[in-house]
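Coordinates as given in start38.tsv (TSV, C-alpha atoms and all ligand atoms):
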```tsv
chain	number	residue	atom	x	y	z
F	1	MET	CA	11.36	35.55	-19.18
F	2	SER	CA	13.99	34.18	-16.87
F	3	THR	CA	14.73	33.93	-13.16
F	4	ASP	CA	18.48	33.72	-13.81
F	5	VAL	CA	21.32	35.87	-12.65
F	6	PRO	CA	23.99	35.99	-15.37
F	7	MET	CA	26.20	32.89	-15.42
F	8	SER	CA	27.76	31.21	-18.42
F	9	ASP	CA	26.98	27.59	-19.19
F	10	GLU	CA	30.64	26.66	-18.67
F	11	GLU	CA	30.55	28.29	-15.22
F	12	ARG	CA	27.30	26.46	-14.46
F	13	LEU	CA	28.89	23.15	-15.47
F	14	GLU	CA	31.94	23.82	-13.27
F	15	ALA	CA	29.67	24.83	-10.38
F	16	ALA	CA	27.74	21.59	-10.75
F	17	GLN	CA	30.89	19.62	-9.94
F	18	GLU	CA	31.34	21.65	-6.76
F	19	ALA	CA	27.73	21.49	-5.59
F	20	PRO	CA	27.35	20.47	-1.92
F	21	ARG	CA	25.45	17.22	-1.29
F	22	PRO	CA	23.00	16.48	1.53
F	23	HIS	CA	24.19	13.85	3.97
F	24	PHE	CA	20.98	12.40	5.34
F	25	GLU	CA	17.36	12.11	4.39
F	26	PRO	CA	14.64	13.00	6.88
F	27	GLU	CA	11.04	11.91	6.55
F	28	VAL	CA	9.34	14.15	4.01
F	29	GLU	CA	5.88	14.67	2.61
F	30	LEU	CA	5.45	16.65	-0.60
F	31	ARG	CA	2.11	17.98	-1.78
F	32	VAL	CA	2.89	17.51	-5.48
F	33	PHE	CA	-0.41	18.82	-6.80
F	34	ALA	CA	-3.15	20.51	-4.85
F	35	GLY	CA	-4.94	22.48	-7.55
F	36	VAL	CA	-6.62	24.74	-5.00
F	37	ARG	CA	-8.32	27.75	-6.61
F	38	SER	CA	-9.92	29.69	-3.76
F	39	GLN	CA	-8.47	31.74	-0.92
F	40	ALA	CA	-11.02	30.24	1.48
F	41	PRO	CA	-9.87	28.14	4.45
F	42	ASP	CA	-7.98	25.07	3.22
F	43	PRO	CA	-10.53	23.05	1.22
F	44	VAL	CA	-8.32	19.97	1.21
F	45	LYS	CA	-9.98	17.00	2.89
F	46	PRO	CA	-7.21	15.56	5.07
F	47	VAL	CA	-8.14	12.00	4.17
F	48	ALA	CA	-5.76	9.84	2.15
F	49	LEU	CA	-7.63	8.11	-0.65
F	50	LYS	CA	-6.55	4.68	-1.88
F	51	PRO	CA	-6.76	3.87	-5.62
F	52	THR	CA	-9.93	1.87	-5.04
F	53	ASP	CA	-11.69	4.50	-2.89
F	54	LYS	CA	-14.72	6.11	-4.49
F	55	PHE	CA	-15.72	9.77	-4.52
F	56	ALA	CA	-18.74	11.61	-5.93
F	57	PHE	CA	-17.88	14.06	-8.69
F	58	ARG	CA	-18.78	14.90	-12.26
F	59	CYS	CA	-17.83	17.90	-14.36
F	60	HIS	CA	-19.86	18.75	-17.47
F	61	ARG	CA	-21.08	21.77	-19.40
F	62	GLY	CA	-24.41	21.71	-17.58
F	63	VAL	CA	-22.95	22.64	-14.18
F	64	SER	CA	-23.71	26.18	-12.97
F	65	CYS	CA	-20.01	26.69	-12.19
F	66	TRP	CA	-18.81	25.85	-15.71
F	67	ASN	CA	-15.28	27.30	-16.14
F	68	ALA	CA	-15.24	28.78	-12.59
F	69	CYS	CA	-12.17	26.71	-11.74
F	70	CYS	CA	-10.26	28.16	-14.72
F	71	HIS	CA	-10.12	31.64	-13.14
F	72	GLY	CA	-7.22	32.45	-10.86
F	73	ALA	CA	-6.06	28.86	-11.04
F	74	ASP	CA	-2.77	27.99	-9.36
F	75	VAL	CA	-1.23	25.75	-12.02
F	76	THR	CA	2.46	24.92	-11.64
F	77	LEU	CA	3.72	23.54	-14.93
F	78	THR	CA	5.71	20.30	-14.86
F	79	PRO	CA	8.41	19.63	-17.48
F	80	TYR	CA	6.08	17.35	-19.45
F	81	ASP	CA	3.24	19.91	-19.29
F	82	ILE	CA	5.56	22.37	-21.03
F	83	LEU	CA	6.60	19.86	-23.71
F	84	ARG	CA	2.97	18.99	-24.44
F	85	LEU	CA	1.78	22.58	-24.59
F	86	CYS	CA	4.74	23.61	-26.78
F	87	SER	CA	3.85	20.80	-29.15
F	88	HIS	CA	0.18	21.87	-29.05
F	89	PHE	CA	1.07	25.41	-30.16
F	90	GLY	CA	3.98	24.41	-32.41
F	91	VAL	CA	6.38	26.69	-30.53
F	92	ARG	CA	9.61	26.16	-28.62
F	93	PRO	CA	9.85	26.65	-24.83
F	94	ALA	CA	11.34	30.17	-24.87
F	95	GLU	CA	8.33	31.52	-26.77
F	96	PHE	CA	5.84	29.48	-24.75
F	97	LEU	CA	7.29	30.62	-21.42
F	98	GLU	CA	7.25	34.25	-22.50
F	99	ARG	CA	3.64	34.17	-23.71
F	100	TYR	CA	1.85	31.96	-21.24
F	101	THR	CA	3.70	31.69	-17.93
F	102	VAL	CA	4.84	33.67	-14.92
F	103	PRO	CA	7.86	32.85	-12.76
F	104	ALA	CA	7.04	31.51	-9.31
F	105	LEU	CA	8.47	29.55	-6.43
F	106	HIS	CA	7.43	25.95	-5.88
F	107	ASP	CA	5.29	25.96	-2.74
F	108	THR	CA	7.09	23.21	-0.80
F	109	THR	CA	10.70	23.59	-1.93
F	110	ASP	CA	11.00	27.31	-2.85
F	111	MET	CA	12.67	26.26	-6.11
F	112	PRO	CA	12.03	28.39	-9.23
F	113	VAL	CA	9.24	27.07	-11.43
F	114	VAL	CA	6.69	28.57	-13.83
F	115	LYS	CA	2.93	28.79	-13.41
F	116	LEU	CA	0.24	29.38	-16.01
F	117	LYS	CA	-0.44	33.08	-16.47
F	118	MET	CA	-3.97	34.05	-15.41
F	119	GLY	CA	-5.81	37.14	-16.65
F	120	GLY	CA	-6.52	40.32	-14.70
F	121	GLU	CA	-4.12	42.58	-12.83
F	122	ASP	CA	-4.56	40.50	-9.69
F	123	GLY	CA	-4.08	37.20	-11.53
F	124	LYS	CA	-7.63	36.15	-10.60
F	125	GLY	CA	-8.97	36.41	-14.13
F	126	PRO	CA	-9.43	33.64	-16.68
F	127	CYS	CA	-6.69	31.30	-17.81
F	128	SER	CA	-5.32	32.25	-21.24
F	129	PHE	CA	-6.58	28.93	-22.57
F	130	MET	CA	-10.18	29.24	-21.35
F	131	VAL	CA	-12.93	29.68	-23.95
F	132	ALA	CA	-16.72	29.52	-23.60
F	133	GLU	CA	-16.71	25.85	-24.56
F	134	GLY	CA	-14.17	25.04	-21.84
F	135	CYS	CA	-10.45	24.40	-22.11
F	136	SER	CA	-9.03	25.15	-25.56
F	137	VAL	CA	-5.97	22.96	-24.90
F	138	TYR	CA	-7.97	20.11	-23.37
F	139	ALA	CA	-6.02	17.27	-25.03
F	140	ASP	CA	-2.76	18.77	-23.72
F	141	ARG	CA	-3.98	20.41	-20.50
F	142	PRO	CA	-1.53	20.43	-17.58
F	143	LEU	CA	-1.43	17.68	-15.00
F	144	THR	CA	-2.85	19.87	-12.21
F	145	CYS	CA	-5.94	20.48	-14.37
F	146	ARG	CA	-6.24	16.74	-15.09
F	147	TYR	CA	-6.12	15.93	-11.40
F	148	TYR	CA	-8.66	18.50	-10.21
F	149	PRO	CA	-10.49	17.98	-7.82
F	150	LEU	CA	-7.93	15.48	-6.59
F	151	GLY	CA	-4.54	16.34	-5.18
F	152	LEU	CA	-1.45	14.16	-4.98
F	153	VAL	CA	0.97	13.69	-2.09
F	154	SER	CA	4.24	11.77	-2.16
F	155	HIS	CA	5.46	10.54	1.21
F	156	LYS	CA	8.90	9.12	2.03
F	157	LEU	CA	10.14	7.72	5.32
F	158	LYS	CA	13.40	8.80	6.94
F	159	ASP	CA	16.55	7.46	5.20
F	160	SER	CA	14.44	5.46	2.76
F	161	GLU	CA	14.21	5.61	-1.01
F	162	LYS	CA	10.73	4.08	-0.92
F	163	LYS	CA	7.94	6.53	-1.63
F	164	GLU	CA	4.22	6.20	-1.27
F	165	ASP	CA	1.77	8.26	-3.27
F	166	PHE	CA	-1.72	8.98	-2.11
F	167	HIS	CA	-4.53	11.23	-3.26
F	168	PHE	CA	-6.85	13.57	-1.43
F	169	LEU	CA	-10.00	15.44	-2.34
F	170	VAL	CA	-10.06	19.22	-2.82
F	171	ASN	CA	-13.62	20.32	-2.09
F	172	GLU	CA	-14.03	24.01	-2.89
F	173	ALA	CA	-17.40	25.70	-2.38
F	174	HIS	CA	-17.53	27.04	-5.95
F	175	CYS	CA	-17.19	23.57	-7.48
F	176	LYS	CA	-20.65	22.05	-7.87
F	177	GLY	CA	-19.24	18.87	-9.39
F	178	HIS	CA	-19.13	17.40	-5.88
F	179	LEU	CA	-22.94	17.57	-5.72
F	180	GLU	CA	-23.36	15.26	-8.72
F	181	SER	CA	-24.46	11.69	-8.08
F	182	GLN	CA	-21.81	10.02	-10.27
F	183	THR	CA	-19.15	8.19	-8.31
F	184	GLN	CA	-15.86	6.73	-9.45
F	185	THR	CA	-12.76	5.22	-7.95
F	186	VAL	CA	-9.54	7.21	-7.79
F	187	GLU	CA	-7.89	4.81	-10.26
F	188	ASP	CA	-10.76	5.13	-12.75
F	189	PHE	CA	-10.61	8.92	-12.51
F	190	ARG	CA	-6.85	8.89	-13.06
F	191	SER	CA	-7.24	6.65	-16.07
F	192	GLU	CA	-10.02	8.81	-17.54
F	193	GLN	CA	-7.86	11.92	-17.10
F	194	GLY	CA	-4.80	10.34	-18.75
F	195	VAL	CA	-2.36	11.16	-15.95
F	196	ALA	CA	-0.15	8.04	-16.29
F	197	GLU	CA	1.70	9.28	-19.38
F	198	TYR	CA	2.48	12.57	-17.62
F	199	GLU	CA	3.61	10.87	-14.43
F	200	ALA	CA	5.88	8.44	-16.31
F	201	ILE	CA	7.98	11.35	-17.57
F	202	ASN	CA	7.61	13.63	-14.55
F	203	ARG	CA	8.53	10.93	-12.00
F	204	GLY	CA	12.20	11.93	-12.00
F	205	TRP	CA	11.19	15.57	-11.44
F	206	VAL	CA	8.99	14.65	-8.48
F	207	ASP	CA	11.88	12.59	-7.02
F	208	ILE	CA	14.08	15.68	-7.21
F	209	LEU	CA	11.42	17.85	-5.58
F	210	MET	CA	11.11	15.29	-2.78
F	211	LYS	CA	14.84	15.48	-2.10
F	212	LEU	CA	14.81	19.25	-2.30
F	213	ALA	CA	11.96	19.27	0.22
F	214	SER	CA	14.23	17.16	2.46
F	215	TRP	CA	16.97	19.77	2.03
F	216	LYS	CA	14.61	22.54	2.97
F	217	SER	CA	13.36	20.76	6.08
F	218	ILE	CA	16.94	20.39	7.38
F	219	GLY	CA	18.05	23.88	6.27
F	220	GLY	CA	19.69	22.67	3.03
F	221	PRO	CA	22.79	20.52	2.45
F	222	MET	CA	25.33	21.19	5.21
F	223	GLY	CA	22.73	23.49	6.78
F	224	LYS	CA	22.63	25.94	3.84
F	225	ALA	CA	19.80	26.81	1.46
F	226	ALA	CA	20.02	25.45	-2.10
F	227	SER	CA	22.69	27.45	-3.94
F	228	ASP	CA	21.97	29.82	-6.83
F	229	GLN	CA	23.68	27.30	-9.12
F	230	ALA	CA	21.39	24.50	-7.96
F	231	ARG	CA	18.35	26.72	-8.49
F	232	GLN	CA	19.49	27.72	-11.98
F	233	MET	CA	20.21	24.13	-13.01
F	234	PHE	CA	16.81	22.99	-11.71
F	235	PHE	CA	15.01	25.81	-13.54
F	236	MET	CA	16.81	25.14	-16.83
F	237	VAL	CA	15.99	21.43	-16.86
F	238	SER	CA	12.42	21.97	-15.58
F	239	THR	CA	11.35	24.62	-18.07
F	240	ASP	CA	13.44	24.90	-21.21
F	241	VAL	CA	14.65	21.80	-23.02
F	242	ASP	CA	16.32	23.94	-25.71
F	243	ARG	CA	18.53	25.68	-23.14
F	244	PHE	CA	19.45	22.34	-21.64
F	245	ARG	CA	20.25	20.97	-25.13
F	246	ARG	CA	22.63	23.90	-25.75
F	247	PHE	CA	24.13	23.27	-22.32
F	248	VAL	CA	24.78	19.61	-23.20
F	249	PHE	CA	26.17	20.22	-26.69
F	250	GLU	CA	27.93	23.55	-26.30
F	251	THR	CA	29.86	22.96	-23.05
F	252	ARG	CA	32.23	20.15	-21.97
F	253	PHE	CA	29.24	18.14	-20.71
F	254	LEU	CA	29.80	15.28	-23.16
F	255	GLU	CA	33.53	15.21	-22.32
F	256	LEU	CA	32.75	14.88	-18.62
F	257	TYR	CA	29.98	12.29	-18.67
F	258	GLU	CA	29.68	8.82	-20.19
F	259	ILE	CA	26.71	9.03	-22.54
F	260	ALA	CA	26.29	6.21	-25.06
F	261	PRO	CA	26.73	7.38	-28.70
F	262	GLU	CA	23.20	6.29	-29.62
F	263	ALA	CA	21.82	8.27	-26.66
F	264	VAL	CA	23.78	11.33	-27.80
F	265	GLU	CA	22.18	10.98	-31.25
F	266	GLN	CA	18.72	10.58	-29.68
F	267	ILE	CA	18.87	13.67	-27.46
F	268	LYS	CA	19.75	15.86	-30.44
F	269	THR	CA	16.08	15.75	-31.43
F	270	ASP	CA	14.12	13.83	-28.77
F	271	ASP	CA	12.91	16.32	-26.13
F	272	GLU	CA	11.50	13.69	-23.77
F	273	ALA	CA	14.75	11.70	-23.75
F	274	LEU	CA	16.69	14.90	-23.10
F	275	VAL	CA	14.44	15.87	-20.19
F	276	ARG	CA	14.97	12.41	-18.66
F	277	LEU	CA	18.73	12.88	-19.04
F	278	GLY	CA	18.31	16.26	-17.31
F	279	PHE	CA	16.65	14.62	-14.31
F	280	ASP	CA	19.44	12.02	-14.12
F	281	TRP	CA	22.06	14.75	-14.30
F	282	LEU	CA	20.36	16.82	-11.58
F	283	LYS	CA	20.11	13.76	-9.31
F	284	ASN	CA	23.82	13.18	-9.79
F	285	VAL	CA	25.09	16.72	-9.27
F	286	LEU	CA	22.64	17.62	-6.51
F	287	PHE	CA	22.41	14.37	-4.57
F	288	ASN	CA	25.40	12.31	-5.74
F	289	GLU	CA	23.14	9.56	-7.10
F	290	PRO	CA	24.77	7.21	-9.65
F	291	THR	CA	22.21	8.12	-12.30
F	292	ILE	CA	24.82	9.35	-14.78
F	293	LEU	CA	28.49	8.35	-14.87
F	294	MET	CA	31.46	10.62	-15.06
F	295	ARG	CA	34.10	9.45	-17.57
F	296	GLN	CA	36.80	7.35	-15.95
F	297	GLU	CA	39.67	9.65	-16.91
F	298	VAL	CA	37.80	12.70	-15.54
F	299	LEU	CA	37.08	10.83	-12.33
F	300	GLN	CA	40.70	9.75	-11.92
F	301	THR	CA	41.95	13.27	-12.49
F	302	ALA	CA	39.48	14.55	-9.88
F	303	ILE	CA	40.60	11.86	-7.39
F	304	ALA	CA	44.27	12.68	-8.02
F	305	HIS	CA	43.56	16.39	-7.44
F	306	ALA	CA	41.66	15.58	-4.26
F	307	ARG	CA	44.52	13.38	-2.98
F	308	ALA	CA	47.06	16.09	-3.81
F	309	GLY	CA	44.89	18.54	-1.89
F	310	VAL	CA	44.71	16.24	1.15
F	311	GLY	CA	48.46	15.52	0.99
F	312	GLY	CA	49.29	19.19	0.77
F	313	ALA	CA	47.01	20.18	3.63
Q	1	LIG	S1	-5.30	24.88	-18.90
Q	1	LIG	FE1	-7.46	24.51	-19.39
Q	1	LIG	S2	-8.26	23.35	-17.64
Q	1	LIG	FE2	-6.33	24.31	-16.98
Q	1	LIG	S3	-6.88	26.25	-16.03
Q	1	LIG	FE3	-6.46	26.66	-18.19
Q	1	LIG	S4	-8.41	26.53	-19.27
Q	1	LIG	FE4	-8.65	25.54	-17.25
Q	2	LIG	S1	-17.70	21.32	-11.67
Q	2	LIG	FE1	-15.82	21.93	-10.64
Q	2	LIG	S2	-14.24	21.26	-12.12
Q	2	LIG	FE2	-16.20	21.38	-13.25
Q	2	LIG	S3	-16.32	23.45	-14.10
Q	2	LIG	FE3	-17.35	23.51	-12.12
Q	2	LIG	S4	-15.70	24.21	-10.72
Q	2	LIG	FE4	-14.71	23.44	-12.55
```

Output the file's structure in the form of structure tokens.
Amino acid sequence: MSTDVPMSDEERLEAAQEAPRPHFEPEVELRVFAGVRSQAPDPVKPVALKPTDKFAFRCHRGVSCWNACCHGADVTLTPYDILRLCSHFGVRPAEFLERYTVPALHDTTDMPVVKLKMGGEDGKGPCSFMVAEGCSVYADRPLTCRYYPLGLVSHKLKDSEKKEDFHFLVNEAHCKGHLESQTQTVEDFRSEQGVAEYEAINRGWVDILMKLASWKSIGGPMGKAASDQARQMFFMVSTDVDRFRRFVFETRFLELYEIAPEAVEQIKTDDEALVRLGFDWLKNVLFNEPTILMRQEVLQTAIAHARAGVGGA
């Protein structure tokens, strides 16, 4: 499965050097995870919850709605979700994507992502991982499933790098967990659900989505939508670490960028390290952030070409 139009890796690398960059950052709010299952009027409670705020909720096998939320679920997979699920099944991303995902557009940014495939012709059937006992991949379930019934919003002020995260409650009629008497704070729920490990790796991805949401709100860099090249690069890094590894090792990538020899050794086998490098590379080529350095001689050649171009104009 792929959302690509044909383009060689060398062409993609060249295109990355030419990618247009946005020139200012408006205020932006990104609903990172909502986890909404139903088509009913928006069940999101528009109240920002602080880490210490409490909410009533408990999910257990005794609830009458057991597994109801695992039908027709809207689960966008983050890069770390894919790594964890691949490891769970002992498969590589290409096979995992083919078997368990469908291509989709990220709700806020329109960038290509993958979502978990749901059963039924209308996609309202059970998740492929649902069994009578519950979730068969529970230890490696995606972040959206960990968060439910909370959602996460990242908010950034105009021309600021500072972001604030806050949570909100998704209260859908089918979910009887809200009627339980158990209460917990947002931070206790997050800790119980093990979201920190996921967020530590996905943070760079969320940063990129935030900036892409900024692009979208101003009509894209220089007033244009994100290019096909930008979309392809984002999709490659977000979904398939093997494709990105081939991209790094089988193009001139390592000739163009300063990557420490020990880091080069590490990314040959370490998927998490490679995904982090992918986020740094995307931030550099899409937004001109100094997250990865171009080699000095490459930079000087580029400057000389640029000066020659200006002089000859
Ligand atoms: S991954 Fe597990 S928790 Fe998430 S929708 Fe599927 S069965 Fe439910
Ligand atoms: S209580 Fe809510 S989260 Fe738990 S099974 Fe029912 S619908 Fe799903």

Exercise. In Å, how far is it from atom FE1 of ligand LIG 1 (chain Q) to CA of Tyr138 (chain F)?
Worked result: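 A separation of 6.0 Å between them.
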
Counting all atoms listed in the file, give me one row per residue of region 191-308 of chain F with an atom at most 9 Å from an atom of region 72-96 of chain F, showing the shortest contact pair and its distance in Å to one decimal, sorted by chain then residue number, as a tab-separated table.
```
residue	atom	partner	partner_atom	distance
F:Tyr198	CA	F:Tyr80	CA	6.3
F:Glu199	CA	F:Tyr80	CA	8.6
F:Ile201	CA	F:Tyr80	CA	6.6
F:Asn202	CA	F:Tyr80	CA	6.3
F:Trp205	CA	F:Pro79	CA	7.8
F:Val237	CA	F:Pro79	CA	7.8
F:Ser238	CA	F:Pro79	CA	5.0
F:Thr239	CA	F:Pro79	CA	5.8
F:Asp240	CA	F:Pro93	CA	5.4
F:Val241	CA	F:Pro93	CA	7.1
F:Asp242	CA	F:Pro93	CA	7.1
F:Arg243	CA	F:Ala94	CA	8.7
F:Asp271	CA	F:Leu83	CA	7.6
F:Glu272	CA	F:Tyr80	CA	7.8
F:Val275	CA	F:Pro79	CA	7.6
```

For this session: List all protein, DNA and RNA residues that have any atom at most 7 Å from ligand LIG 2 (chain Q), counting only C-alpha atoms and all ligand atoms, and write the list as a ChimeraX atom specification.
Result: /F:58-60,63-70,148-149,174-177

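Between CA of His106 (chain F) and CA of Ile267 (chain F) the separation is 27.3 Å.
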
Problem set entry | Atomic distance CA of His305 (chain F) - CA of Phe234 (chain F), expressed in Å with one decimal |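 Separation of CA of His305 (chain F) and CA of Phe234 (chain F): 27.9 Å.
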
For this session: Choose the residue, out of F:Thr183, F:Asn171, F:Thr144, F:Gln193, that has the smallest atom-to-atom separation from ligand LIG 1 (chain Q); count only C-alpha atoms and all ligand atoms.
Result: F:Thr144

Find the residues near ligand LIG 1 (chain Q). Use a cut-off of 6 Å, count all atoms listed in the file, and write them as a short mmCIF file (atom, residue, chain, number, x, y, z; two decimals) with C-alpha atoms, keeping the file's coordinate frame.
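That gives us out.cif:
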```
data_model
loop_
_atom_site.label_atom_id
_atom_site.label_comp_id
_atom_site.auth_asym_id
_atom_site.auth_seq_id
_atom_site.Cartn_x
_atom_site.Cartn_y
_atom_site.Cartn_z
CA CYS F 70 -10.26 28.16 -14.72
CA ALA F 73 -6.06 28.86 -11.04
CA CYS F 127 -6.69 31.30 -17.81
CA PHE F 129 -6.58 28.93 -22.57
CA MET F 130 -10.18 29.24 -21.35
CA CYS F 135 -10.45 24.40 -22.11
CA VAL F 137 -5.97 22.96 -24.90
CA TYR F 138 -7.97 20.11 -23.37
CA ARG F 141 -3.98 20.41 -20.50
CA PRO F 142 -1.53 20.43 -17.58
CA CYS F 145 -5.94 20.48 -14.37
#
```

For this session: Identify which of the residues F:His71, F:His155, F:Arg146, F:Lys163 lies closest to Gly120 (chain F), counting all atoms listed in the file when measuring atom-to-atom distances.
Result: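 The closest residue to Gly120 (chain F) is F:His71.
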
For this session: Compare F:Ser214, F:Ser181, F:Ser154, F:Ala196 by their minimum atom-to-atom distance to Thr109 (chain F), counting all atoms listed in the file, and give me the closest one.
Result: F:Ser214
